[in-house]
Structure formats: C-alpha cells, structure tokens
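upload30.cif (mmCIF, C-alpha atoms and all ligand atoms)
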data_query
#
loop_
_atom_site.label_atom_id
_atom_site.label_comp_id
_atom_site.auth_asym_id
_atom_site.auth_seq_id
_atom_site.Cartn_x
_atom_site.Cartn_y
_atom_site.Cartn_z
CA MET A 1 72.64 -73.81 -294.67
CA ARG A 2 73.96 -75.74 -291.64
CA LEU A 3 76.85 -77.94 -292.53
CA VAL A 4 79.39 -80.17 -290.80
CA MET A 5 82.74 -80.76 -292.54
CA LEU A 6 84.14 -84.21 -291.82
CA GLY A 7 87.49 -85.57 -292.94
CA ALA A 8 91.00 -86.49 -291.90
CA PRO A 9 93.50 -83.81 -290.88
CA GLY A 10 94.63 -82.11 -294.08
CA SER A 11 91.79 -83.48 -296.19
CA GLY A 12 90.82 -79.93 -297.16
CA LYS A 13 87.95 -79.20 -294.71
CA GLY A 14 89.22 -75.72 -293.91
CA THR A 15 89.90 -74.85 -297.56
CA GLN A 16 86.35 -75.77 -298.59
CA ALA A 17 84.74 -74.33 -295.45
CA GLU A 18 86.41 -70.93 -296.00
CA ARG A 19 85.17 -70.86 -299.60
CA LEU A 20 81.63 -72.05 -298.76
CA SER A 21 81.40 -69.52 -295.95
CA LYS A 22 81.85 -66.71 -298.52
CA LYS A 23 79.56 -68.39 -301.05
CA TYR A 24 76.64 -68.84 -298.62
CA GLY A 25 77.36 -65.80 -296.42
CA ILE A 26 77.50 -67.85 -293.22
CA PRO A 27 80.35 -68.20 -290.68
CA GLN A 28 82.99 -70.92 -290.78
CA ILE A 29 83.43 -72.20 -287.25
CA SER A 30 86.74 -74.02 -286.93
CA THR A 31 87.37 -75.39 -283.44
CA GLY A 32 91.07 -75.77 -284.34
CA GLU A 33 91.25 -72.09 -285.36
CA LEU A 34 89.41 -71.01 -282.20
CA PHE A 35 91.84 -72.99 -280.03
CA ARG A 36 94.85 -71.60 -281.93
CA SER A 37 93.53 -68.04 -281.44
CA LEU A 38 94.05 -68.48 -277.67
CA ARG A 39 97.79 -68.31 -278.32
CA LYS A 40 97.38 -64.83 -279.77
CA GLY A 41 95.80 -63.70 -276.50
CA GLU A 42 92.23 -63.88 -277.83
CA GLN A 43 89.52 -65.52 -275.69
CA LEU A 44 86.97 -68.09 -276.77
CA PRO A 45 83.39 -66.82 -277.34
CA GLY A 46 81.66 -66.41 -273.98
CA MET A 47 84.49 -68.07 -272.02
CA SER A 48 87.37 -66.70 -270.01
CA LEU A 49 89.99 -69.40 -269.46
CA PRO A 50 92.88 -69.19 -266.99
CA GLN A 51 96.41 -69.19 -268.50
CA GLU A 52 97.20 -72.73 -267.28
CA VAL A 53 94.18 -74.10 -269.21
CA ILE A 54 95.23 -72.12 -272.31
CA ASP A 55 98.76 -73.56 -272.00
CA GLU A 56 97.32 -77.05 -271.68
CA ILE A 57 95.14 -76.60 -274.80
CA SER A 58 98.15 -75.30 -276.71
CA SER A 59 100.26 -78.30 -275.74
CA LEU A 60 97.45 -80.77 -276.62
CA ILE A 61 97.11 -79.25 -280.10
CA ASN A 62 100.85 -79.20 -280.75
CA ASN A 63 100.98 -82.89 -279.89
CA GLY A 64 97.99 -83.87 -282.02
CA CYS A 65 95.72 -84.72 -279.05
CA PHE A 66 92.07 -83.72 -278.61
CA VAL A 67 91.02 -80.89 -276.34
CA SER A 68 88.49 -82.09 -273.70
CA ASP A 69 84.91 -82.63 -274.85
CA ASP A 70 83.64 -80.36 -272.03
CA ILE A 71 85.57 -77.32 -273.25
CA THR A 72 85.00 -78.08 -276.96
CA ILE A 73 81.23 -78.53 -276.63
CA GLN A 74 80.95 -75.35 -274.56
CA VAL A 75 82.89 -73.46 -277.24
CA ILE A 76 80.44 -74.61 -279.92
CA GLU A 77 77.41 -73.92 -277.75
CA ASN A 78 78.57 -70.32 -277.15
CA ARG A 79 79.64 -69.76 -280.75
CA ILE A 80 76.46 -70.94 -282.49
CA ALA A 81 74.40 -68.76 -280.14
CA LEU A 82 75.98 -65.61 -281.64
CA PRO A 83 73.76 -63.58 -284.01
CA ASP A 84 75.89 -64.25 -287.13
CA CYS A 85 74.82 -67.92 -286.95
CA GLU A 86 71.12 -67.14 -287.34
CA ASN A 87 71.11 -68.02 -291.06
CA GLY A 88 73.42 -70.98 -290.74
CA PHE A 89 77.03 -72.01 -290.12
CA ILE A 90 79.72 -74.40 -291.24
CA LEU A 91 81.28 -76.50 -288.51
CA ASP A 92 84.87 -77.30 -289.45
CA GLY A 93 86.47 -79.84 -287.12
CA PHE A 94 83.47 -80.43 -284.85
CA PRO A 95 82.17 -82.99 -283.97
CA ARG A 96 85.21 -85.26 -283.77
CA ASN A 97 83.80 -88.16 -281.75
CA ILE A 98 80.41 -89.69 -280.96
CA PRO A 99 79.91 -87.81 -277.64
CA GLN A 100 80.50 -84.51 -279.50
CA GLY A 101 78.08 -85.66 -282.24
CA GLU A 102 75.42 -86.43 -279.64
CA ALA A 103 76.06 -83.11 -277.89
CA LEU A 104 75.60 -81.32 -281.23
CA ASP A 105 72.31 -83.14 -281.85
CA ALA A 106 71.11 -82.04 -278.40
CA LEU A 107 72.15 -78.43 -279.06
CA LEU A 108 70.39 -78.34 -282.43
CA LYS A 109 67.27 -79.79 -280.85
CA LYS A 110 67.40 -77.19 -278.06
CA HIS A 111 67.48 -74.41 -280.70
CA SER A 112 64.85 -76.17 -282.91
CA ILE A 113 67.23 -76.24 -285.88
CA HIS A 114 68.68 -79.09 -287.92
CA LEU A 115 71.77 -79.95 -289.97
CA ASP A 116 71.36 -79.87 -293.75
CA ALA A 117 74.32 -82.13 -294.45
CA VAL A 118 77.59 -83.63 -293.27
CA LEU A 119 80.14 -83.27 -296.03
CA GLU A 120 82.98 -85.78 -295.84
CA ILE A 121 86.13 -85.10 -297.84
CA ASP A 122 87.80 -88.43 -298.42
CA VAL A 123 91.56 -88.39 -298.99
CA PRO A 124 93.85 -91.43 -298.54
CA ASP A 125 96.47 -91.27 -295.75
CA ASP A 126 99.49 -91.34 -298.07
CA ALA A 127 98.33 -88.12 -299.75
CA ILE A 128 97.70 -86.43 -296.37
CA VAL A 129 101.28 -86.58 -295.06
CA ASP A 130 102.60 -85.16 -298.37
CA ARG A 131 99.92 -82.49 -298.44
CA LEU A 132 100.45 -81.28 -294.87
CA SER A 133 104.19 -81.05 -295.35
CA GLY A 134 103.45 -78.34 -297.97
CA ARG A 135 100.81 -76.45 -295.98
CA ARG A 136 101.78 -72.96 -294.77
CA TYR A 137 99.80 -70.17 -293.13
CA CYS A 138 100.20 -66.45 -292.91
CA PRO A 139 100.31 -65.31 -289.24
CA ALA A 140 99.31 -61.78 -290.27
CA CYS A 141 96.01 -62.57 -292.04
CA GLY A 142 95.50 -66.21 -290.95
CA ARG A 143 94.98 -67.59 -294.47
CA THR A 144 96.11 -71.11 -295.31
CA TYR A 145 98.17 -71.86 -298.40
CA HIS A 146 100.04 -74.72 -300.01
CA LEU A 147 103.50 -74.58 -301.56
CA ASP A 148 102.32 -76.55 -304.62
CA ALA A 149 98.52 -76.23 -304.73
CA LYS A 150 97.63 -72.75 -303.46
CA MET A 151 100.02 -69.81 -303.13
CA PRO A 152 98.71 -66.31 -302.25
CA THR A 153 97.06 -64.44 -305.13
CA GLU A 154 97.76 -60.77 -305.83
CA GLU A 155 94.39 -59.91 -304.25
CA GLU A 156 95.21 -61.90 -301.09
CA ARG A 157 98.62 -60.23 -300.80
CA ALA A 158 97.01 -56.82 -301.24
CA THR A 159 94.48 -57.41 -298.43
CA CYS A 160 96.99 -58.85 -295.92
CA PRO A 161 98.65 -56.31 -293.56
CA GLU A 162 102.02 -57.95 -294.28
CA GLY A 163 101.39 -58.97 -297.89
CA CYS A 164 101.53 -62.71 -296.96
CA ARG A 165 105.34 -62.43 -297.05
CA ASN A 166 106.13 -64.68 -294.09
CA LEU A 167 104.39 -68.05 -294.54
CA ILE A 168 105.01 -70.54 -291.73
CA GLN A 169 104.31 -74.21 -290.91
CA ARG A 170 101.95 -75.30 -288.11
CA ASP A 171 103.64 -77.23 -285.25
CA ASP A 172 101.16 -80.08 -285.66
CA ASP A 173 102.02 -80.45 -289.38
CA LYS A 174 105.32 -82.20 -288.55
CA PRO A 175 105.15 -85.72 -290.05
CA GLU A 176 105.26 -87.56 -286.67
CA VAL A 177 102.35 -85.48 -285.30
CA VAL A 178 100.38 -85.84 -288.56
CA LYS A 179 100.69 -89.65 -288.32
CA LYS A 180 99.34 -89.56 -284.75
CA ARG A 181 96.41 -87.32 -285.81
CA LEU A 182 95.61 -89.76 -288.62
CA VAL A 183 95.50 -92.72 -286.21
CA THR A 184 93.09 -90.78 -283.97
CA TYR A 185 90.97 -89.90 -287.00
CA HIS A 186 90.57 -93.54 -288.01
CA ASP A 187 90.14 -94.85 -284.44
CA VAL A 188 87.76 -92.18 -283.15
CA THR A 189 86.41 -89.64 -285.64
CA GLU A 190 85.50 -92.05 -288.43
CA HIS A 191 82.79 -93.56 -286.19
CA LEU A 192 80.83 -90.44 -287.07
CA LYS A 193 80.45 -91.68 -290.66
CA PRO A 194 77.95 -94.48 -289.85
CA TYR A 195 76.40 -92.19 -287.22
CA TYR A 196 75.52 -89.55 -289.85
CA LYS A 197 74.83 -92.10 -292.60
CA GLU A 198 72.07 -93.51 -290.41
CA GLN A 199 70.64 -89.98 -290.09
CA GLY A 200 70.71 -89.70 -293.93
CA LYS A 201 73.02 -86.67 -293.73
CA LEU A 202 76.35 -88.00 -295.01
CA ILE A 203 77.67 -86.90 -298.42
CA THR A 204 81.15 -88.00 -299.51
CA VAL A 205 83.39 -86.21 -302.00
CA VAL A 206 86.78 -87.57 -303.05
CA GLY A 207 89.36 -84.89 -302.23
CA ARG A 208 92.50 -86.43 -303.67
CA LYS A 209 92.07 -84.74 -307.02
CA LYS A 210 93.26 -81.26 -307.94
CA LEU A 211 91.81 -78.46 -305.84
CA GLU A 212 89.68 -77.12 -308.75
CA LYS A 213 88.13 -80.56 -309.26
CA THR A 214 87.39 -80.94 -305.53
CA ILE A 215 85.73 -77.51 -305.56
CA ARG A 216 83.49 -78.53 -308.48
CA ASP A 217 82.55 -81.84 -306.79
CA VAL A 218 81.75 -80.11 -303.48
CA ASP A 219 79.60 -77.47 -305.18
CA ARG A 220 77.75 -80.11 -307.18
CA ALA A 221 77.14 -82.22 -304.04
CA LEU A 222 75.72 -79.23 -302.18
CA GLU A 223 73.54 -77.91 -305.01
CA SER A 224 70.65 -80.30 -304.40
CA ILE A 225 70.94 -79.86 -300.61
CA GLU A 226 70.65 -76.09 -301.03
CA LYS A 227 67.75 -76.46 -303.48
CA ASN A 228 65.84 -78.77 -301.09
CA ARG A 229 66.56 -76.39 -298.21
CA ILE A 230 65.17 -73.38 -300.07
CA GLU A 231 62.08 -75.32 -301.22
CA ALA A 232 61.33 -76.69 -297.71
P1 LIG B 1 92.14 -78.46 -286.89
O1 LIG B 1 92.74 -77.15 -287.15
O2 LIG B 1 90.67 -78.62 -287.12
O3 LIG B 1 92.95 -79.56 -287.71
P2 LIG B 1 92.46 -80.82 -288.56
O4 LIG B 1 91.08 -81.29 -288.44
O5 LIG B 1 93.49 -81.83 -288.24
O6 LIG B 1 92.43 -80.27 -289.97
P3 LIG B 1 93.49 -79.41 -290.64
O7 LIG B 1 93.26 -77.95 -290.33
O8 LIG B 1 94.88 -79.94 -290.35
O9 LIG B 1 93.22 -79.74 -292.17
P4 LIG B 1 92.00 -79.41 -293.13
O10 LIG B 1 91.20 -80.64 -293.36
O11 LIG B 1 91.26 -78.18 -292.69
O12 LIG B 1 92.83 -79.14 -294.47
P5 LIG B 1 93.19 -77.77 -295.20
O13 LIG B 1 91.98 -77.20 -295.84
O14 LIG B 1 94.03 -76.88 -294.34
O15 LIG B 1 92.40 -78.92 -285.40
C1 LIG B 1 93.71 -78.80 -284.83
C2 LIG B 1 93.72 -79.40 -283.45
O16 LIG B 1 92.77 -78.72 -282.59
C3 LIG B 1 93.30 -80.87 -283.36
O17 LIG B 1 94.37 -81.74 -283.68
C4 LIG B 1 92.92 -80.95 -281.87
O18 LIG B 1 94.06 -80.96 -281.06
C5 LIG B 1 92.19 -79.63 -281.66
N1 LIG B 1 90.72 -79.75 -281.95
C6 LIG B 1 90.08 -79.17 -282.99
N2 LIG B 1 88.78 -79.50 -282.99
C7 LIG B 1 88.58 -80.31 -281.92
C8 LIG B 1 87.47 -81.01 -281.39
N3 LIG B 1 86.26 -80.94 -281.99
N4 LIG B 1 87.64 -81.76 -280.28
C9 LIG B 1 88.83 -81.84 -279.68
N5 LIG B 1 89.96 -81.23 -280.13
C10 LIG B 1 89.83 -80.46 -281.25
O19 LIG B 1 94.08 -78.40 -296.38
C11 LIG B 1 95.36 -78.95 -296.10
C12 LIG B 1 96.37 -78.47 -297.17
O20 LIG B 1 96.04 -79.06 -298.43
C13 LIG B 1 96.32 -76.94 -297.40
O21 LIG B 1 97.63 -76.50 -297.58
C14 LIG B 1 95.47 -76.78 -298.67
O22 LIG B 1 95.87 -75.63 -299.41
C15 LIG B 1 95.76 -78.07 -299.43
N6 LIG B 1 94.61 -78.60 -300.17
C16 LIG B 1 93.31 -78.62 -299.77
N7 LIG B 1 92.54 -79.26 -300.68
C17 LIG B 1 93.38 -79.68 -301.66
C18 LIG B 1 93.20 -80.42 -302.88
N8 LIG B 1 92.00 -80.87 -303.28
N9 LIG B 1 94.30 -80.69 -303.63
C19 LIG B 1 95.53 -80.26 -303.24
N10 LIG B 1 95.77 -79.56 -302.12
C20 LIG B 1 94.72 -79.26 -301.33
#
Taking this structure as input, can you express it in the form of structure tokens?
Amino acid sequence: MRLVMLGAPGSGKGTQAERLSKKYGIPQISTGELFRSLRKGEQLPGMSLPQEVIDEISSLINNGCFVSDDITIQVIENRIALPDCENGFILDGFPRNIPQGEALDALLKKHSIHLDAVLEIDVPDDAIVDRLSGRRYCPACGRTYHLDAKMPTEEERATCPEGCRNLIQRDDDKPEVVKKRLVTYHDVTEHLKPYYKEQGKLITVVGRKKLEKTIRDVDRALESIEKNRIEA
C-alpha cells in the first residue's frame, strides 16, 4: 500500500498514519517528525546537514513556515529508497504544495511504482485550534496524545522508557502559530486536492467526529483500495 495523508495541521494525519503503519506493516514517513528529529541530534536519511541549516529548519518549523522544497524533496527521495519501503509507505505531511506533488510523481515514475490513494482528513478550522491546544507528546517515546481524546494507555506507559509521565506541547501548537499554519494550508496545500482528484486518487473522510468513528471511516475507505491492490 502506498498512501499519502492530506489534511490541515491537526486534522489527525499522524494519528491515522501511525495506526495504519502498524496495520499494513509499512513505514509512516512524517516529514515533520523527520525535521523535528534534527533537534535531537539525529540526521536525515542519507543527508548530513550543517548546524546552521538545522537551526534554520528548527526556526521555520517553530514559526509555522515550510522548509525549502529542495531539502524536503531530497529527504523523501532518500527515505523511500530505504529497504523498509519496498512493500509500501505512508507519506504523512508530504507533499504540501504542487511542486512537491510533481516531484513525488517524478520519483514514483523513476522507481516504476504508483500511489494507491491520497487520503484527505477533512476537519473544519474551528475544531483544529481547539484540538491542537490539547495535543501533547511524550519526548521519551515520541507518541502523540490528546488531553481529552487520547491519553496514554497502560500498555503505552509500560513500553515508554519514562512511562509517558512528562507530556509536553509542541512549539508550533501555540494558537497564533496554528492560525498561520491553517492559512498556509488553505492557500497552498489545498491545491493538491484538485491535483489528486484529477488523478482519481483522492478519498475524503470527515475527521471531526470522535476518534473511534474516524478510525472506522478511514478503515472502510481503505478496504476497497486494499482489495483492488491485492487483486491487481
Ligand atoms: P507536521 O508535523 O507534519 O505538522 P502538520 O501537518 O501541521 O500536522 P500535525 O502533526 O500538526 O497534525 P496531524 O494532522 O498529524 O494531527 P495529529 O494526528 O497529531 O509538520 C510540522 C512542520 O514541519 C510544518 O509546519 C513545516 O514547518 C514542516 N514541514 C513538514 N512537512 C513539510 C513539507 N512537506 N514541506 C515543507 N515543510 C514541511 O492529531 C492532532 C491532535 O488531535 C492529536 O492530539 C490527536 O490525538 C487528536 N485527534 C486526532 N484525530 C482525532 C479525532 N478524530 N477526534 C479527536 N481528536 C483527534
């Protein structure tokens, strides 16, 4: 299965991508996560960036701005070439504009592979700001939670080196940065919807409902895609 997750910041792309990655046994590739890992001293796959570029990326993310297309496309090119992507992958947060979409098409063509679907999670803006104000992550295990919708389970606590005790808020989840990210989503990223609709790849699921309902809708939407993929 090769899937792109599309949706506004906080629409639930990462939550669904993490779950689908386990379900289908394929990696979740989050460009946001990869960029954030630079702060922990990790390097991007196949790239060694000087500290001033890492600092610049960090500042762009904190302020809700895009990282350059050149770096982002190279990150994806290196990442999908790794052996764990042979049976598929879930792109979470890439592409985010038409040039990135075109670059992805070129990469897929180069590797003679194709996308099975682009799954859009549609959540209205008013719900996003509320939702992101409750999002927290655990710096020890990297899992994302929500103060109202998704707190750590006993199993998650048991498998985290610090028991998910210290949940913190992302810098770019402050309301003023969230509003800026939403404007960019509508002005830039949403152009990918007609782009993928024309390719017959776009599937939309409403993500405003309770998490359990969104999970059921996503699974139902992907069932026929998976069936067609296996039969092809
Ligand atoms: P990134 O990390 O990708 O941020 P994003 O796209 O803005 O998405 P988020 O991670 O904020 O939200 P999400 O949709 O994954 O929602 P989640 O599942 O956590 O990117 C960060 C930054 O990196 C960008 O701003 C940019 O600077 C840079 N970047 C990344 N990719 C780039 C690219 N391609 N080009 C250039 N720059 C790039 O859910 C949100 C919360 O809601 C959670 O707490 C969750 O528990 C909860 N939740 C989820 N679903 C539900 C539900 N149905 N009901 C109730 N609560 C729910």
Close residues to ligand LIG 1 (chain B) using all atoms listed in the file, limit 7 Å, as a PyMOL selection string: chain A and resi 7-16+30-33+35+60-61+64-69+72+92-96+131-132+134-136+144-146+149-150+181+207-211+214
Grab the atom CA of Pro99 of chain A to atom CA of Ser59 of chain A distance for me, in Å with one decimal place.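 So the answer is 22.5 Å.
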Give me the residues within 12 Å of Ser133 of chain A as a ChimeraX atom specification, counting all atoms listed in the file and dropping any in the same chain fewer than 3 places off. /A:9-10,126-130,136-137,145-149,168-179
Now that the selection is made, can you save its residues with C-alpha atoms as an mmCIF file, in the frame of the given file?
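Printed below is selection21.cif as written:
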data_model
loop_
_atom_site.group_PDB
_atom_site.id
_atom_site.type_symbol
_atom_site.label_atom_id
_atom_site.label_comp_id
_atom_site.auth_asym_id
_atom_site.auth_seq_id
_atom_site.Cartn_x
_atom_site.Cartn_y
_atom_site.Cartn_z
ATOM 1 C CA PRO A 9 93.500 -83.810 -290.880
ATOM 2 C CA GLY A 10 94.630 -82.110 -294.080
ATOM 3 C CA ASP A 126 99.490 -91.340 -298.070
ATOM 4 C CA ALA A 127 98.330 -88.120 -299.750
ATOM 5 C CA ILE A 128 97.700 -86.430 -296.370
ATOM 6 C CA VAL A 129 101.280 -86.580 -295.060
ATOM 7 C CA ASP A 130 102.600 -85.160 -298.370
ATOM 8 C CA ARG A 136 101.780 -72.960 -294.770
ATOM 9 C CA TYR A 137 99.800 -70.170 -293.130
ATOM 10 C CA TYR A 145 98.170 -71.860 -298.400
ATOM 11 C CA HIS A 146 100.040 -74.720 -300.010
ATOM 12 C CA LEU A 147 103.500 -74.580 -301.560
ATOM 13 C CA ASP A 148 102.320 -76.550 -304.620
ATOM 14 C CA ALA A 149 98.520 -76.230 -304.730
ATOM 15 C CA ILE A 168 105.010 -70.540 -291.730
ATOM 16 C CA GLN A 169 104.310 -74.210 -290.910
ATOM 17 C CA ARG A 170 101.950 -75.300 -288.110
ATOM 18 C CA ASP A 171 103.640 -77.230 -285.250
ATOM 19 C CA ASP A 172 101.160 -80.080 -285.660
ATOM 20 C CA ASP A 173 102.020 -80.450 -289.380
ATOM 21 C CA LYS A 174 105.320 -82.200 -288.550
ATOM 22 C CA PRO A 175 105.150 -85.720 -290.050
ATOM 23 C CA GLU A 176 105.260 -87.560 -286.670
ATOM 24 C CA VAL A 177 102.350 -85.480 -285.300
ATOM 25 C CA VAL A 178 100.380 -85.840 -288.560
ATOM 26 C CA LYS A 179 100.690 -89.650 -288.320
#
Which residue out of A:Ile29, A:Leu115, A:Ile57, A:Cys160 has the minimum interatomic distance to Ile76 of chain A when all atoms listed in the file are used?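 Closest residue, counting all atoms listed in the file: A:Ile29.
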Check the smallest atom-to-atom distance from each of A:Arg165, A:Asp125, A:Leu108, A:Leu38 to Val183 of chain A using only C-alpha atoms, then report the winner.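 Among the listed residues, A:Asp125 lies closest to Val183 of chain A.
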Å distance separating atom CA of Asn63 of chain A from atom CA of Leu182 of chain A, one decimal place: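 According to the coordinates, atom CA of Asn63 of chain A and atom CA of Leu182 of chain A are separated by 12.3 Å.
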Selection as a PyMOL selection string: residues within 12 Å of (66.8, -81.5, -285.9), counting only C-alpha atoms: chain A and resi 2+102+104-117+199+201
Quick one, how far is atom CA of Ile90 of chain A from atom CA of Lys23 of chain A?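 Computed distance, atom CA of Ile90 of chain A to atom CA of Lys23 of chain A, equals 11.5 Å.
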May I have the protein, DNA and RNA residues with an atom at most 12 Å from (74.1, -73.5, -290.4), counting all atoms listed in the file in the file's coordinates, returned as a PyMOL selection string? chain A and resi 1-5+17+20-21+24-29+79-92+108+111+113-118+226+229
Which of A:Ile230, A:Val75, A:Thr189, A:Ile121 sits closest to Ile203 of chain A [using all atoms listed in the file]: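 Using all atoms listed in the file, the shortest distance to Ile203 of chain A belongs to A:Ile121.
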